[in-house]
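Raw target.pdb, PDB, C-alpha atoms, pLDDT in the B column:
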ATOM      1  CA  MET P   1       5.228  -9.135  22.830  1.00 80.00           C
ATOM      2  CA  LYS P   2       7.659  -6.579  24.196  1.00 80.00           C
ATOM      3  CA  LEU P   3       9.090  -3.983  21.846  1.00 85.00           C
ATOM      4  CA  ILE P   4      11.887  -2.435  23.877  1.00 82.00           C
ATOM      5  CA  ALA P   5      14.356   0.288  22.952  1.00 86.00           C
ATOM      6  CA  LYS P   6      17.159   1.564  25.183  1.00 86.00           C
ATOM      7  CA  ASN P   7      17.261   4.871  23.311  1.00 90.00           C
ATOM      8  CA  PRO P   8      14.370   7.008  22.057  1.00 93.00           C
ATOM      9  CA  THR P   9      12.951   5.287  18.977  1.00 96.00           C
ATOM     10  CA  LEU P  10      10.336   6.429  16.473  1.00 97.00           C
ATOM     11  CA  ILE P  11       8.290   3.928  14.491  1.00 97.00           C
ATOM     12  CA  LEU P  12       6.860   5.945  11.611  1.00 96.00           C
ATOM     13  CA  GLY P  13       4.145   4.482   9.422  1.00 95.00           C
ATOM     14  CA  VAL P  14       3.601   6.249   6.122  1.00 92.00           C
ATOM     15  CA  GLY P  15       1.167   5.776   3.305  1.00 90.00           C
ATOM     16  CA  ASN P  16      -2.201   6.691   1.911  1.00 88.00           C
ATOM     17  CA  LYS P  17      -5.094   4.605   3.217  1.00 89.00           C
ATOM     18  CA  LEU P  18      -7.201   5.672   0.221  1.00 86.00           C
ATOM     19  CA  LEU P  19      -4.864   3.790  -2.146  1.00 87.00           C
ATOM     20  CA  THR P  20      -5.393   0.161  -1.046  1.00 89.00           C
ATOM     21  CA  ASP P  21      -2.007  -1.435  -0.251  1.00 93.00           C
ATOM     22  CA  GLU P  22      -0.205   1.917  -0.176  1.00 90.00           C
ATOM     23  CA  GLY P  23      -1.512   2.489   3.353  1.00 92.00           C
ATOM     24  CA  ILE P  24       0.296  -0.435   5.008  1.00 94.00           C
ATOM     25  CA  GLY P  25       2.491   1.831   7.152  1.00 94.00           C
ATOM     26  CA  ASN P  26      -0.592   3.561   8.546  1.00 95.00           C
ATOM     27  CA  TYR P  27      -2.263   0.210   9.244  1.00 95.00           C
ATOM     28  CA  VAL P  28       0.780  -1.079  11.157  1.00 96.00           C
ATOM     29  CA  ILE P  29       0.774   1.968  13.460  1.00 96.00           C
ATOM     30  CA  GLU P  30      -2.986   1.660  13.946  1.00 94.00           C
ATOM     31  CA  TYR P  31      -2.623  -2.053  14.763  1.00 93.00           C
ATOM     32  CA  LEU P  32       0.120  -1.458  17.333  1.00 94.00           C
ATOM     33  CA  LYS P  33      -1.840   1.377  18.968  1.00 93.00           C
ATOM     34  CA  ASN P  34      -5.073  -0.628  19.088  1.00 91.00           C
ATOM     35  CA  ASN P  35      -3.391  -3.665  20.647  1.00 87.00           C
ATOM     36  CA  LYS P  36      -1.621  -2.050  23.599  1.00 77.00           C
ATOM     37  CA  ASN P  37      -2.500  -5.058  25.755  1.00 74.00           C
ATOM     38  CA  THR P  38      -0.598  -7.311  23.347  1.00 80.00           C
ATOM     39  CA  PHE P  39       2.404  -5.050  22.725  1.00 80.00           C
ATOM     40  CA  ILE P  40       4.430  -3.517  25.530  1.00 82.00           C
ATOM     41  CA  LEU P  41       6.270  -0.501  24.137  1.00 86.00           C
ATOM     42  CA  GLN P  42       9.204   0.924  26.075  1.00 87.00           C
ATOM     43  CA  ASN P  43      10.947   4.109  24.922  1.00 91.00           C
ATOM     44  CA  ILE P  44       9.091   3.932  21.581  1.00 94.00           C
ATOM     45  CA  LYS P  45       6.801   6.472  19.928  1.00 95.00           C
ATOM     46  CA  LEU P  46       4.331   5.352  17.272  1.00 96.00           C
ATOM     47  CA  LEU P  47       3.492   7.965  14.642  1.00 95.00           C
ATOM     48  CA  ASP P  48       1.205   7.825  11.625  1.00 93.00           C
ATOM     49  CA  GLY P  49       3.065  10.055   9.194  1.00 90.00           C
ATOM     50  CA  GLY P  50       0.375   9.999   6.509  1.00 83.00           C
ATOM     51  CA  THR P  51       1.881  10.710   3.115  1.00 77.00           C
ATOM     52  CA  LEU P  52       4.945  12.452   4.611  1.00 75.00           C
ATOM     53  CA  SER P  53       5.492  16.163   4.944  1.00 77.00           C
ATOM     54  CA  PHE P  54       8.384  18.426   5.828  1.00 78.00           C
ATOM     55  CA  PRO P  55       7.287  18.987   9.465  1.00 82.00           C
ATOM     56  CA  LEU P  56       8.087  15.308  10.072  1.00 88.00           C
ATOM     57  CA  ALA P  57      11.770  16.224   9.676  1.00 88.00           C
ATOM     58  CA  ILE P  58      11.612  18.006  13.030  1.00 90.00           C
ATOM     59  CA  GLU P  59      10.003  14.970  14.672  1.00 93.00           C
ATOM     60  CA  VAL P  60      12.542  12.524  13.190  1.00 94.00           C
ATOM     61  CA  GLN P  61      15.436  14.583  14.581  1.00 94.00           C
ATOM     62  CA  LYS P  62      14.266  13.947  18.167  1.00 95.00           C
ATOM     63  CA  TYR P  63      15.082  10.224  18.023  1.00 96.00           C
ATOM     64  CA  GLU P  64      18.249   8.152  18.033  1.00 95.00           C
ATOM     65  CA  SER P  65      16.540   5.340  16.127  1.00 96.00           C
ATOM     66  CA  LEU P  66      13.978   5.471  13.314  1.00 97.00           C
ATOM     67  CA  ILE P  67      11.957   2.672  11.738  1.00 97.00           C
ATOM     68  CA  VAL P  68       9.796   3.626   8.750  1.00 96.00           C
ATOM     69  CA  VAL P  69       7.092   1.226   7.544  1.00 96.00           C
ATOM     70  CA  ASP P  70       5.808   1.819   4.010  1.00 93.00           C
ATOM     71  CA  SER P  71       4.844   0.081   0.816  1.00 91.00           C
ATOM     72  CA  ALA P  72       7.823  -0.298  -1.502  1.00 91.00           C
ATOM     73  CA  MET P  73       8.469  -1.687  -4.946  1.00 89.00           C
ATOM     74  CA  LEU P  74      10.643  -4.642  -4.000  1.00 91.00           C
ATOM     75  CA  HIS P  75       9.980  -6.500  -7.271  1.00 91.00           C
ATOM     76  CA  LYS P  76       8.897  -9.542  -5.289  1.00 95.00           C
ATOM     77  CA  LYS P  77       5.667 -11.384  -4.562  1.00 97.00           C
ATOM     78  CA  ALA P  78       2.867  -9.198  -3.126  1.00 96.00           C
ATOM     79  CA  GLY P  79       3.084  -9.091   0.656  1.00 96.00           C
ATOM     80  CA  SER P  80       6.841  -9.720   0.695  1.00 97.00           C
ATOM     81  CA  VAL P  81       8.638  -7.740   3.369  1.00 98.00           C
ATOM     82  CA  GLY P  82      12.066  -6.198   2.816  1.00 96.00           C
ATOM     83  CA  MET P  83      14.265  -4.330   5.250  1.00 96.00           C
ATOM     84  CA  PHE P  84      16.818  -1.668   4.392  1.00 96.00           C
ATOM     85  CA  GLU P  85      19.046  -0.411   7.172  1.00 96.00           C
ATOM     86  CA  ASN P  86      21.276   2.678   7.458  1.00 93.00           C
ATOM     87  CA  ASP P  87      23.413   2.974   4.281  1.00 88.00           C
ATOM     88  CA  ASP P  88      21.234   0.418   2.450  1.00 91.00           C
ATOM     89  CA  LEU P  89      18.197   2.552   3.301  1.00 89.00           C
ATOM     90  CA  ASP P  90      19.911   5.667   2.000  1.00 83.00           C
ATOM     91  CA  SER P  91      20.812   3.896  -1.257  1.00 86.00           C
ATOM     92  CA  PHE P  92      17.346   2.388  -1.699  1.00 86.00           C
ATOM     93  CA  ILE P  93      15.407   5.633  -1.304  1.00 80.00           C
ATOM     94  CA  SER P  94      17.810   7.723  -3.366  1.00 75.00           C
ATOM     95  CA  SER P  95      18.137   5.260  -6.241  1.00 74.00           C
ATOM     96  CA  SER P  96      17.054   6.446  -9.659  1.00 42.00           C
ATOM     97  CA  LYS P  97      14.356   3.763  -9.720  1.00 54.00           C
ATOM     98  CA  LYS P  98      11.051   4.684  -8.136  1.00 48.00           C
ATOM     99  CA  SER P  99      11.044   2.490  -5.033  1.00 49.00           C
ATOM    100  CA  SER P 100       8.230   4.094  -3.023  1.00 51.00           C
ATOM    101  CA  VAL P 101       5.461   6.607  -3.541  1.00 52.00           C
ATOM    102  CA  HIS P 102       7.099   8.698  -0.793  1.00 49.00           C
ATOM    103  CA  GLU P 103      10.776   8.276  -1.585  1.00 45.00           C
ATOM    104  CA  VAL P 104      11.409  11.942  -2.373  1.00 47.00           C
ATOM    105  CA  GLY P 105       9.763  13.015   0.884  1.00 75.00           C
ATOM    106  CA  LEU P 106      11.646  10.438   2.956  1.00 82.00           C
ATOM    107  CA  THR P 107      14.912  11.344   1.240  1.00 81.00           C
ATOM    108  CA  ASP P 108      14.284  15.021   1.959  1.00 82.00           C
ATOM    109  CA  ILE P 109      13.377  14.367   5.591  1.00 86.00           C
ATOM    110  CA  LEU P 110      16.570  12.384   6.158  1.00 88.00           C
ATOM    111  CA  LYS P 111      18.672  15.017   4.357  1.00 87.00           C
ATOM    112  CA  ILE P 112      17.240  17.740   6.587  1.00 88.00           C
ATOM    113  CA  ALA P 113      18.115  15.658   9.647  1.00 90.00           C
ATOM    114  CA  LEU P 114      21.628  15.093   8.279  1.00 90.00           C
ATOM    115  CA  LEU P 115      22.142  18.801   7.557  1.00 91.00           C
ATOM    116  CA  SER P 116      20.982  19.553  11.101  1.00 89.00           C
ATOM    117  CA  ASP P 117      23.487  16.974  12.369  1.00 92.00           C
ATOM    118  CA  LYS P 118      20.575  15.088  13.941  1.00 93.00           C
ATOM    119  CA  LEU P 119      20.225  12.081  11.644  1.00 92.00           C
ATOM    120  CA  PRO P 120      19.069   9.100  13.714  1.00 95.00           C
ATOM    121  CA  GLN P 121      22.034   6.834  14.395  1.00 93.00           C
ATOM    122  CA  ASN P 122      19.942   3.769  13.573  1.00 95.00           C
ATOM    123  CA  ARG P 123      17.431   3.973  10.745  1.00 96.00           C
ATOM    124  CA  ALA P 124      15.572   1.428   8.693  1.00 97.00           C
ATOM    125  CA  LEU P 125      12.813   1.097   6.154  1.00 96.00           C
ATOM    126  CA  ILE P 126      10.561  -1.922   6.366  1.00 97.00           C
ATOM    127  CA  GLY P 127       9.009  -2.085   2.923  1.00 95.00           C
ATOM    128  CA  VAL P 128       6.066  -4.221   1.858  1.00 96.00           C
ATOM    129  CA  GLN P 129       5.517  -5.165  -1.779  1.00 95.00           C
ATOM    130  CA  PRO P 130       2.002  -4.002  -2.711  1.00 94.00           C
ATOM    131  CA  LYS P 131      -0.365  -6.144  -4.753  1.00 94.00           C
ATOM    132  CA  THR P 132      -2.221  -3.112  -6.062  1.00 90.00           C
ATOM    133  CA  ILE P 133      -2.111   0.611  -5.558  1.00 86.00           C
ATOM    134  CA  ASP P 134      -5.471   1.850  -6.698  1.00 88.00           C
ATOM    135  CA  TRP P 135      -8.426   3.721  -5.268  1.00 93.00           C
ATOM    136  CA  GLY P 136      -9.875   1.811  -2.349  1.00 86.00           C
ATOM    137  CA  ASP P 137      -9.956   2.092   1.403  1.00 87.00           C
ATOM    138  CA  GLN P 138      -8.928  -1.482   2.252  1.00 90.00           C
ATOM    139  CA  PRO P 139      -5.626  -3.247   1.577  1.00 93.00           C
ATOM    140  CA  ASN P 140      -5.569  -6.658  -0.062  1.00 93.00           C
ATOM    141  CA  GLN P 141      -5.616  -9.598   2.350  1.00 96.00           C
ATOM    142  CA  VAL P 142      -2.093 -10.650   1.310  1.00 96.00           C
ATOM    143  CA  ILE P 143      -0.859  -7.280   2.604  1.00 94.00           C
ATOM    144  CA  LEU P 144      -2.706  -7.632   5.905  1.00 94.00           C
ATOM    145  CA  ASP P 145      -1.260 -11.144   6.203  1.00 96.00           C
ATOM    146  CA  SER P 146       2.240  -9.604   6.218  1.00 96.00           C
ATOM    147  CA  MET P 147       1.526  -7.785   9.512  1.00 93.00           C
ATOM    148  CA  ASP P 148       3.112 -10.489  11.713  1.00 94.00           C
ATOM    149  CA  THR P 149       6.269 -10.472   9.572  1.00 97.00           C
ATOM    150  CA  ILE P 150       6.465  -6.674   9.771  1.00 97.00           C
ATOM    151  CA  ILE P 151       6.123  -6.676  13.553  1.00 95.00           C
ATOM    152  CA  GLU P 152       8.662  -9.485  13.912  1.00 95.00           C
ATOM    153  CA  THR P 153      11.092  -7.482  11.731  1.00 96.00           C
ATOM    154  CA  ILE P 154      10.565  -4.445  13.986  1.00 95.00           C
ATOM    155  CA  SER P 155      11.247  -6.613  17.039  1.00 93.00           C
ATOM    156  CA  GLN P 156      14.448  -8.011  15.504  1.00 94.00           C
ATOM    157  CA  LEU P 157      15.700  -4.525  14.608  1.00 94.00           C
ATOM    158  CA  LEU P 158      15.072  -3.253  18.125  1.00 94.00           C
ATOM    159  CA  ALA P 159      16.876  -6.254  19.615  1.00 92.00           C
ATOM    160  CA  LYS P 160      19.842  -5.706  17.289  1.00 94.00           C
ATOM    161  CA  TRP P 161      20.064  -1.956  17.864  1.00 92.00           C
ATOM    162  CA  HIS P 162      19.443  -1.974  21.595  1.00 83.00           C
ATOM    163  CA  LYS P 163      21.451  -4.905  22.949  1.00 77.00           C
TER
END

Represent the supplied structure as structure tokens.
Amino acid sequence: MKLIAKNPTLILGVGNKLLTDEGIGNYVIEYLKNNKNTFILQNIKLLDGGTLSFPLAIEVQKYESLIVVDSAMLHKKAGSVGMFENDDLDSFISSSKKSSVHEVGLTDILKIALLSDKLPQNRALIGVQPKTIDWGDQPNQVILDSMDTIIETISQLLAKWHK
């Protein structure tokens, strides 16, 4: 499968692999990196952002497009995948409801980019509804089963953004 971007694009996986399903963003990046023969990446950087930190704000500012993959409380069936783009992303992560373990960090990173006048033109969050977030170093199978949907969503976003 080709994942092609005309403009510099960052795919940022975030999460904590020690908290079962919370590490889905990290697992997606690992999967894409480990399957380079399957996925042809053009003009795309893959980055495991861990549990987010302020230095990522500098990295995010280097790209015209940003896709973040993370677990998110979508209030749907475990393994469900949701996508929030541009203004919808901004609303989702800044809502008063706790939508992600990292929402404050992601909000801060995007605000720093905005204040620097370097907010990626295209930005999206691909969120996956966790089954459990508890101590454990393996996600539930239902979360791993969502991998194809996540990658297809990434592919669709890239096609839409980079026509």

Nearest candidate to P:Val68 (options P:Gly136, P:Gly23, P:Pro8, P:Gly13; using all atoms listed in the file):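 Residue with the minimum atom-to-atom distance to P:Val68: P:Gly13.
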
Could you tell me how far atom CA of P:Leu110 sits from atom CA of P:Ile11, in Å to one decimal place?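 A separation of 14.5 Å between them.
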
Choose the residue, out of P:Ser91, P:Ser116, P:Gln156, P:Asn7, that has the smallest atom-to-atom separation from P:Asn43; count only C-alpha atoms.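 Distance minimum relative to P:Asn43 lands on P:Asn7.
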
Rounded to one decimal, what separation in Å do you get between atom CA of P:Gly25 and atom CA of P:Leu74?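 Value for the atom CA of P:Gly25-atom CA of P:Leu74 distance: 15.3 Å.
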
Apply the PyMOL selection byres ((chain P and resi 17) around 12) to the file shown and report the selected residues as a PyMOL selection string. chain P and resi 13-16+18-28+30+48-51+70-71+133-140

Hey, can you check how far atom CA of P:Leu32 sits from atom CA of P:Met147? 10.2 Å

Test item: the PyMOL selection byres ((chain P and resi 106) around 12) resolved as a PyMOL selection string: chain P and resi 12-15+49-57+60+66-70+89-90+92-94+99-105+107-113+123-125

The PyMOL selection byres ((chain P and resi 78) around 7) on the file shown: which residues, as a PyMOL selection string? chain P and resi 76-77+79-80+129-131+142

Between P:Tyr31, P:Phe84, P:Tyr63, P:Trp161, smallest distance to P:Ile4 by only C-alpha atoms belongs to P:Trp161

Could you give me, as number ranges by chain, the residues that sit within 9 Å of (8.5, 0.6, 24.6) in the file's coordinates, counting only C-alpha atoms? P: 2-6, 9, 39-45

Select, from P:Ile29, P:Met1, P:Glu85, P:Glu152, the residue with the minimum atom-to-atom distance to P:Leu46, counting all atoms listed in the file.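 Once distances to P:Leu46 are computed over all atoms listed in the file, the minimum belongs to P:Ile29.
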
For P:Asn122, the nearest of the candidates P:Gln141, P:Ser95, P:Ser155, P:Asn86, counting all atoms listed in the file: P:Asn86
